[in-house]
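File shown: target.pdb (PDB, C-alpha atoms, pLDDT in the B column).
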```pdb
MODEL        1
ATOM      1  CA  MET A   1     -21.514  98.314 -26.259  1.00 79.00           C
ATOM      2  CA  THR A   2     -23.303  96.156 -28.840  1.00 86.00           C
ATOM      3  CA  VAL A   3     -22.054  98.250 -31.769  1.00 88.00           C
ATOM      4  CA  ASP A   4     -18.527  98.050 -30.314  1.00 88.00           C
ATOM      5  CA  ALA A   5     -18.760  94.242 -29.966  1.00 90.00           C
ATOM      6  CA  ILE A   6     -19.962  93.937 -33.558  1.00 94.00           C
ATOM      7  CA  ALA A   7     -17.182  96.254 -34.783  1.00 94.00           C
ATOM      8  CA  ARG A   8     -14.576  94.112 -32.991  1.00 93.00           C
ATOM      9  CA  GLY A   9     -15.965  90.937 -34.581  1.00 95.00           C
ATOM     10  CA  GLU A  10     -17.076  89.539 -31.216  1.00 93.00           C
ATOM     11  CA  GLN A  11     -20.754  89.434 -32.179  1.00 95.00           C
ATOM     12  CA  THR A  12     -22.685  89.079 -35.428  1.00 97.00           C
ATOM     13  CA  ILE A  13     -26.262  89.008 -34.174  1.00 96.00           C
ATOM     14  CA  LEU A  14     -28.998  91.395 -33.175  1.00 92.00           C
ATOM     15  CA  LEU A  15     -32.136  90.285 -31.327  1.00 90.00           C
ATOM     16  CA  ARG A  16     -35.117  92.475 -32.185  1.00 86.00           C
ATOM     17  CA  LYS A  17     -38.801  92.554 -31.404  1.00 81.00           C
ATOM     18  CA  GLY A  18     -38.988  96.247 -31.914  1.00 60.00           C
ATOM     19  CA  GLY A  19     -38.852  99.245 -29.689  1.00 55.00           C
ATOM     20  CA  ILE A  20     -41.476 100.886 -27.552  1.00 49.00           C
ATOM     21  CA  ARG A  21     -41.848 103.657 -30.139  1.00 51.00           C
ATOM     22  CA  GLU A  22     -42.028 101.519 -33.295  1.00 51.00           C
ATOM     23  CA  ASP A  23     -44.221 102.814 -36.100  1.00 59.00           C
ATOM     24  CA  GLY A  24     -47.328 100.647 -36.058  1.00 58.00           C
ATOM     25  CA  ARG A  25     -46.147  99.100 -32.768  1.00 60.00           C
ATOM     26  CA  HIS A  26     -44.662  96.117 -34.626  1.00 65.00           C
ATOM     27  CA  PHE A  27     -41.104  95.381 -35.693  1.00 70.00           C
ATOM     28  CA  LYS A  28     -40.313  95.061 -39.366  1.00 73.00           C
ATOM     29  CA  ILE A  29     -37.048  95.079 -41.221  1.00 77.00           C
ATOM     30  CA  GLU A  30     -36.986  98.197 -43.344  1.00 78.00           C
ATOM     31  CA  SER A  31     -33.666  97.678 -45.090  1.00 83.00           C
ATOM     32  CA  ASP A  32     -31.155  94.897 -45.618  1.00 90.00           C
ATOM     33  CA  GLN A  33     -28.255  97.376 -45.266  1.00 90.00           C
ATOM     34  CA  PHE A  34     -27.904 100.022 -42.585  1.00 90.00           C
ATOM     35  CA  PHE A  35     -25.622 101.910 -40.234  1.00 88.00           C
ATOM     36  CA  LEU A  36     -25.589 100.745 -36.637  1.00 89.00           C
ATOM     37  CA  TYR A  37     -26.729 103.678 -34.521  1.00 83.00           C
ATOM     38  CA  PRO A  38     -24.723 103.859 -31.287  1.00 80.00           C
ATOM     39  CA  GLY A  39     -26.352 104.193 -27.899  1.00 69.00           C
ATOM     40  CA  HIS A  40     -26.461 102.971 -24.329  1.00 60.00           C
ATOM     41  CA  PHE A  41     -30.200 103.105 -23.716  1.00 49.00           C
ATOM     42  CA  HIS A  42     -30.589  99.400 -22.890  1.00 51.00           C
ATOM     43  CA  GLU A  43     -27.048  98.693 -21.897  1.00 51.00           C
ATOM     44  CA  GLY A  44     -26.064  98.764 -18.283  1.00 68.00           C
ATOM     45  CA  GLU A  45     -23.607  96.558 -16.482  1.00 71.00           C
ATOM     46  CA  ALA A  46     -26.321  94.130 -15.342  1.00 74.00           C
ATOM     47  CA  LEU A  47     -27.338  93.531 -18.962  1.00 83.00           C
ATOM     48  CA  LEU A  48     -23.890  92.260 -19.928  1.00 84.00           C
ATOM     49  CA  LYS A  49     -22.319  88.886 -19.199  1.00 86.00           C
ATOM     50  CA  PRO A  50     -19.872  89.143 -16.292  1.00 82.00           C
ATOM     51  CA  GLU A  51     -16.880  88.631 -18.599  1.00 84.00           C
ATOM     52  CA  HIS A  52     -17.955  91.660 -20.661  1.00 80.00           C
ATOM     53  CA  ARG A  53     -18.755  94.058 -17.821  1.00 76.00           C
ATOM     54  CA  GLY A  54     -15.157  95.240 -17.804  1.00 72.00           C
ATOM     55  CA  LEU A  55     -15.851  96.920 -21.143  1.00 66.00           C
ATOM     56  CA  LEU A  56     -17.628  99.630 -19.156  1.00 65.00           C
ATOM     57  CA  ASP A  57     -14.775 100.181 -16.674  1.00 62.00           C
ATOM     58  CA  GLY A  58     -13.478 103.721 -16.853  1.00 56.00           C
ATOM     59  CA  LYS A  59     -15.604 104.457 -19.897  1.00 58.00           C
ATOM     60  CA  GLN A  60     -17.524 107.689 -19.571  1.00 55.00           C
ATOM     61  CA  PRO A  61     -21.047 107.544 -20.944  1.00 57.00           C
ATOM     62  CA  GLU A  62     -21.064 109.189 -24.342  1.00 64.00           C
ATOM     63  CA  ASP A  63     -23.311 112.142 -25.008  1.00 64.00           C
ATOM     64  CA  PHE A  64     -25.531 111.155 -27.932  1.00 65.00           C
ATOM     65  CA  SER A  65     -27.722 114.258 -27.671  1.00 70.00           C
ATOM     66  CA  GLU A  66     -26.068 116.351 -30.407  1.00 80.00           C
ATOM     67  CA  VAL A  67     -23.765 114.232 -32.567  1.00 84.00           C
ATOM     68  CA  VAL A  68     -23.202 110.499 -32.995  1.00 83.00           C
ATOM     69  CA  SER A  69     -20.462 108.786 -34.909  1.00 87.00           C
ATOM     70  CA  LEU A  70     -21.563 106.264 -37.524  1.00 89.00           C
ATOM     71  CA  SER A  71     -18.666 103.820 -37.690  1.00 93.00           C
ATOM     72  CA  VAL A  72     -20.256 100.452 -38.543  1.00 94.00           C
ATOM     73  CA  PHE A  73     -22.263  99.558 -41.626  1.00 94.00           C
ATOM     74  CA  ALA A  74     -24.173  96.263 -41.569  1.00 94.00           C
ATOM     75  CA  GLU A  75     -25.700  93.972 -44.160  1.00 95.00           C
ATOM     76  CA  ILE A  76     -28.271  91.378 -43.174  1.00 95.00           C
ATOM     77  CA  GLU A  77     -27.018  87.874 -43.824  1.00 97.00           C
ATOM     78  CA  ASP A  78     -30.110  86.106 -42.490  1.00 96.00           C
ATOM     79  CA  VAL A  79     -33.167  86.572 -40.302  1.00 94.00           C
ATOM     80  CA  ILE A  80     -34.434  83.698 -38.182  1.00 94.00           C
ATOM     81  CA  GLU A  81     -37.564  83.806 -36.044  1.00 92.00           C
ATOM     82  CA  VAL A  82     -36.721  82.561 -32.575  1.00 93.00           C
ATOM     83  CA  SER A  83     -39.752  80.810 -31.173  1.00 91.00           C
ATOM     84  CA  SER A  84     -38.615  79.336 -27.861  1.00 93.00           C
ATOM     85  CA  GLU A  85     -36.667  80.318 -24.783  1.00 94.00           C
ATOM     86  CA  GLU A  86     -34.466  77.280 -25.435  1.00 95.00           C
ATOM     87  CA  GLU A  87     -33.423  78.768 -28.784  1.00 95.00           C
ATOM     88  CA  VAL A  88     -32.573  82.040 -27.040  1.00 95.00           C
ATOM     89  CA  ARG A  89     -30.415  80.156 -24.545  1.00 95.00           C
ATOM     90  CA  ALA A  90     -28.712  78.261 -27.407  1.00 96.00           C
ATOM     91  CA  LEU A  91     -27.468  81.628 -28.712  1.00 96.00           C
ATOM     92  CA  GLU A  92     -25.711  82.478 -25.432  1.00 94.00           C
ATOM     93  CA  GLN A  93     -22.189  81.988 -26.797  1.00 95.00           C
ATOM     94  CA  PHE A  94     -22.821  84.341 -29.727  1.00 96.00           C
ATOM     95  CA  HIS A  95     -23.447  87.633 -27.906  1.00 94.00           C
ATOM     96  CA  ILE A  96     -22.236  89.844 -25.044  1.00 91.00           C
ATOM     97  CA  TRP A  97     -25.613  90.207 -23.297  1.00 89.00           C
ATOM     98  CA  SER A  98     -26.544  88.470 -20.069  1.00 88.00           C
ATOM     99  CA  ASP A  99     -28.811  85.443 -20.363  1.00 86.00           C
ATOM    100  CA  GLN A 100     -31.387  87.363 -18.338  1.00 88.00           C
ATOM    101  CA  PHE A 101     -31.396  90.222 -20.867  1.00 87.00           C
ATOM    102  CA  ALA A 102     -31.780  87.932 -23.896  1.00 89.00           C
ATOM    103  CA  VAL A 103     -34.609  85.952 -22.280  1.00 91.00           C
ATOM    104  CA  LYS A 104     -36.319  89.161 -21.177  1.00 89.00           C
ATOM    105  CA  ARG A 105     -36.193  90.418 -24.766  1.00 86.00           C
ATOM    106  CA  PHE A 106     -37.744  87.127 -25.925  1.00 91.00           C
ATOM    107  CA  ASN A 107     -40.545  87.297 -23.341  1.00 91.00           C
ATOM    108  CA  TRP A 108     -41.443  90.945 -24.084  1.00 85.00           C
ATOM    109  CA  LYS A 109     -44.539  91.088 -26.323  1.00 82.00           C
ATOM    110  CA  PRO A 110     -45.010  87.303 -26.175  1.00 85.00           C
ATOM    111  CA  ARG A 111     -47.352  87.177 -29.196  1.00 83.00           C
ATOM    112  CA  HIS A 112     -44.628  88.608 -31.449  1.00 82.00           C
ATOM    113  CA  PRO A 113     -41.606  86.643 -32.672  1.00 84.00           C
ATOM    114  CA  LEU A 114     -38.079  87.508 -31.666  1.00 90.00           C
ATOM    115  CA  ASN A 115     -35.983  88.161 -34.752  1.00 90.00           C
ATOM    116  CA  LEU A 116     -32.448  86.841 -34.757  1.00 94.00           C
ATOM    117  CA  ILE A 117     -30.734  89.080 -37.293  1.00 94.00           C
ATOM    118  CA  ILE A 118     -27.331  87.876 -38.428  1.00 97.00           C
ATOM    119  CA  VAL A 119     -25.333  90.817 -39.752  1.00 96.00           C
ATOM    120  CA  ARG A 120     -22.157  91.122 -41.758  1.00 98.00           C
ATOM    121  CA  ALA A 121     -20.494  94.216 -40.301  1.00 96.00           C
ATOM    122  CA  HIS A 122     -18.099  96.587 -42.018  1.00 96.00           C
ATOM    123  CA  VAL A 123     -16.077  99.137 -40.056  1.00 97.00           C
ATOM    124  CA  LEU A 124     -15.826 102.520 -41.752  1.00 94.00           C
ATOM    125  CA  GLN A 125     -12.319 103.797 -42.285  1.00 95.00           C
ATOM    126  CA  GLN A 126     -13.758 107.321 -42.046  1.00 94.00           C
ATOM    127  CA  PRO A 127     -16.633 107.410 -39.502  1.00 93.00           C
ATOM    128  CA  GLN A 128     -19.434 109.819 -40.314  1.00 88.00           C
ATOM    129  CA  ALA A 129     -20.563 112.485 -37.844  1.00 87.00           C
ATOM    130  CA  LEU A 130     -24.343 112.558 -37.691  1.00 84.00           C
ATOM    131  CA  MET A 131     -26.162 115.537 -36.225  1.00 84.00           C
ATOM    132  CA  VAL A 132     -28.863 114.140 -33.930  1.00 81.00           C
ATOM    133  CA  MET A 133     -32.390 115.230 -34.765  1.00 76.00           C
ATOM    134  CA  PRO A 134     -35.286 114.971 -32.277  1.00 75.00           C
ATOM    135  CA  ASN A 135     -36.954 112.163 -34.262  1.00 72.00           C
ATOM    136  CA  TYR A 136     -33.803 109.994 -33.981  1.00 68.00           C
ATOM    137  CA  GLY A 137     -34.267 109.480 -30.246  1.00 66.00           C
ATOM    138  CA  GLY A 138     -36.285 106.971 -28.315  1.00 62.00           C
ATOM    139  CA  CYS A 139     -36.644 103.255 -28.289  1.00 62.00           C
ATOM    140  CA  LYS A 140     -37.088 102.244 -31.908  1.00 56.00           C
ATOM    141  CA  SER A 141     -35.333  99.917 -34.295  1.00 61.00           C
ATOM    142  CA  TRP A 142     -35.050 102.096 -37.387  1.00 60.00           C
ATOM    143  CA  VAL A 143     -34.058 105.723 -37.723  1.00 67.00           C
ATOM    144  CA  GLU A 144     -34.483 107.385 -41.092  1.00 72.00           C
ATOM    145  CA  PHE A 145     -31.790 110.025 -41.534  1.00 65.00           C
ATOM    146  CA  ILE A 146     -32.707 113.329 -43.126  1.00 61.00           C
ATOM    147  CA  GLU A 147     -29.740 113.008 -45.490  1.00 70.00           C
ATOM    148  CA  ASP A 148     -27.630 110.237 -46.983  1.00 75.00           C
ATOM    149  CA  TYR A 149     -24.269 109.347 -45.500  1.00 77.00           C
ATOM    150  CA  PRO A 150     -21.520 107.708 -47.548  1.00 79.00           C
ATOM    151  CA  VAL A 151     -20.199 104.353 -46.446  1.00 87.00           C
ATOM    152  CA  GLY A 152     -16.809 104.923 -48.041  1.00 89.00           C
ATOM    153  CA  VAL A 153     -13.917 102.550 -47.516  1.00 92.00           C
ATOM    154  CA  THR A 154     -14.603  99.752 -45.029  1.00 94.00           C
ATOM    155  CA  ALA A 155     -12.960  96.691 -43.559  1.00 96.00           C
ATOM    156  CA  PRO A 156     -14.909  93.599 -42.535  1.00 97.00           C
ATOM    157  CA  ALA A 157     -15.326  93.315 -38.772  1.00 97.00           C
ATOM    158  CA  MET A 158     -14.703  89.583 -39.120  1.00 97.00           C
ATOM    159  CA  PRO A 159     -12.716  87.809 -41.862  1.00 96.00           C
ATOM    160  CA  ASP A 160     -14.889  85.977 -44.422  1.00 96.00           C
ATOM    161  CA  ARG A 161     -13.951  82.418 -43.454  1.00 97.00           C
ATOM    162  CA  LYS A 162     -14.459  83.108 -39.742  1.00 97.00           C
ATOM    163  CA  PHE A 163     -17.776  84.848 -40.463  1.00 97.00           C
ATOM    164  CA  ASN A 164     -19.074  81.938 -42.546  1.00 97.00           C
ATOM    165  CA  THR A 165     -18.075  79.471 -39.819  1.00 97.00           C
ATOM    166  CA  HIS A 166     -19.700  81.681 -37.185  1.00 96.00           C
ATOM    167  CA  VAL A 167     -22.980  81.841 -39.137  1.00 97.00           C
ATOM    168  CA  ALA A 168     -22.987  78.064 -39.551  1.00 98.00           C
ATOM    169  CA  LEU A 169     -22.447  77.605 -35.800  1.00 98.00           C
ATOM    170  CA  ILE A 170     -25.350  79.951 -35.004  1.00 97.00           C
ATOM    171  CA  LYS A 171     -27.681  78.083 -37.349  1.00 97.00           C
ATOM    172  CA  ASP A 172     -26.509  74.727 -35.986  1.00 97.00           C
ATOM    173  CA  ALA A 173     -27.210  75.891 -32.424  1.00 96.00           C
ATOM    174  CA  ILE A 174     -30.767  76.889 -33.345  1.00 95.00           C
ATOM    175  CA  SER A 175     -31.324  73.671 -35.324  1.00 93.00           C
ATOM    176  CA  ALA A 176     -30.035  71.507 -32.480  1.00 93.00           C
ATOM    177  CA  VAL A 177     -32.683  72.923 -30.155  1.00 89.00           C
ATOM    178  CA  GLY A 178     -35.399  72.284 -32.721  1.00 71.00           C
ATOM    179  CA  SER A 179     -34.301  68.699 -33.242  1.00 59.00           C
ATOM    180  CA  THR A 180     -34.222  67.923 -29.513  1.00 60.00           C
ATOM    181  CA  ALA A 181     -37.749  69.324 -29.074  1.00 55.00           C
ATOM    182  CA  ASN A 182     -39.184  66.726 -31.477  1.00 48.00           C
TER     183      ASN A 182
ENDMDL
END
```
Once more with this new file: its structure as structure tokens, please.
Amino acid sequence: MTVDAIARGEQTILLRKGGIREDGRHFKIESDQFFLYPGHFHEGEALLKPEHRGLLDGKQPEDFSEVVSLSVFAEIEDVIEVSSEEEVRALEQFHIWSDQFAVKRFNWKPRHPLNLIIVRAHVLQQPQALMVMPNYGGCKSWVEFIEDYPVGVTAPAMPDRKFNTHVALIKDAISAVGSTAN
């Protein structure tokens, strides 16, 4: 659902602390450009805001065991360390996840920062079929493919002006929390 929301221009952020199976047990950004790997591992109805739960209605769970479709390419616009639950709550309007899910992600591994990753998404005109390899599975942030996949022709998920305004609003929301804490 997150990849779909990003592709539709409804969301431009990822919140990452890393997955259970991260190399070295710590999250790190390994590239500033990447494909968004589809999945439903963390995404059930209870993890979505009520107004987004309808996105699951009538949708059969996809089988990601053999082939996945790479349809969104992302470039990192900015990375901001989120250091308080108040900052997480300030981001509520910028994502499809329930408040409970976002706060839970923040509170997991409390000694590690939560990374707010603002991405500029591009929808591939010709999605790429990726054969799933055993090492692609599991709860991890980065998957290194055994071969390169072309990005090809893309369209921005969100028009430039709207994207720039959206990024400014996200940064303002985080800054506003920081200024009220002082």
I need the residue set behind the PyMOL selection byres ((chain A and resi 85) around 12) for this file; please write it as a ChimeraX atom specification. /A:81-84,86-92,99-108,110,113-114,174,177-178,181
How would the residues just picked look written out with C-alpha atoms as a compact mmCIF listing (two decimals), keeping the file's coordinate frame?
```
# COMPACT_ATOMS: atom_id res chain seq x y z
CA GLU A 81 -37.56 83.81 -36.04
CA VAL A 82 -36.72 82.56 -32.58
CA SER A 83 -39.75 80.81 -31.17
CA SER A 84 -38.62 79.34 -27.86
CA GLU A 86 -34.47 77.28 -25.44
CA GLU A 87 -33.42 78.77 -28.78
CA VAL A 88 -32.57 82.04 -27.04
CA ARG A 89 -30.42 80.16 -24.54
CA ALA A 90 -28.71 78.26 -27.41
CA LEU A 91 -27.47 81.63 -28.71
CA GLU A 92 -25.71 82.48 -25.43
CA ASP A 99 -28.81 85.44 -20.36
CA GLN A 100 -31.39 87.36 -18.34
CA PHE A 101 -31.40 90.22 -20.87
CA ALA A 102 -31.78 87.93 -23.90
CA VAL A 103 -34.61 85.95 -22.28
CA LYS A 104 -36.32 89.16 -21.18
CA ARG A 105 -36.19 90.42 -24.77
CA PHE A 106 -37.74 87.13 -25.92
CA ASN A 107 -40.54 87.30 -23.34
CA TRP A 108 -41.44 90.94 -24.08
CA PRO A 110 -45.01 87.30 -26.18
CA PRO A 113 -41.61 86.64 -32.67
CA LEU A 114 -38.08 87.51 -31.67
CA ILE A 174 -30.77 76.89 -33.34
CA VAL A 177 -32.68 72.92 -30.16
CA GLY A 178 -35.40 72.28 -32.72
CA ALA A 181 -37.75 69.32 -29.07
```
If you count only C-alpha atoms, the residue of A:Asn164, A:Gln128, A:Leu70, A:His112 closest to Phe27 of chain A turns out to be A:His112
Evaluate the PyMOL selection byres ((chain A and resi 149) around 10) on the structure here and hand back the selected residues as a PyMOL selection string. chain A and resi 35+70+127-130+145-148+150-152
Looking at A:Arg16, A:Arg8, A:His166, A:His95, which one is nearest to Ile29 of chain A, with distances taken over only C-alpha atoms?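 Closest candidate: A:Arg16.
In this structure, atom CA of Asn135 of chain A sits 28.3 Å away from atom CA of Val153 of chain A.
The nearest approach to Glu77 of chain A among the residues A:Arg161, A:Ser175, A:Leu116, A:Ala155, with all atoms listed in the file taken into account, belongs to A:Leu116.
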Using all atoms listed in the file, find the one residue out of A:Ala176, A:Val123, A:Ile118, A:Leu48 that sits nearest to Met158 of chain A. A:Val123
Calculated over all atoms listed in the file, which of the candidates A:Ala46, A:Ile13, A:Leu36, A:Leu124 has the smallest distance to Val167 of chain A?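 Looking at the shortest contact to Val167 of chain A, the residue is A:Ile13.
Closest to Arg111 of chain A among A:Phe94, A:Lys17, A:Glu45, A:Asp78 is A:Lys17, based on all atoms listed in the file.
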Could you state which residues are captured by the PyMOL selection byres ((chain A and resi 66) around 10) in this file, as a list in words? Asp63, Phe64, Ser65, Val67, Val68, Leu130, Met131, Val132, Met133 and Pro134 of chain A
If you measure from atom CA of Ser31 of chain A to atom CA of Val79 of chain A, what distance in Å do you get, rounded to one decimal?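 Rounded to one decimal, the two atoms are 12.1 Å apart.
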Atom-to-atom span, atom CA of His52 of chain A and atom CA of Gly9 of chain A, Å: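 Separating atom CA of His52 of chain A from atom CA of Gly9 of chain A is a distance of 14.1 Å.
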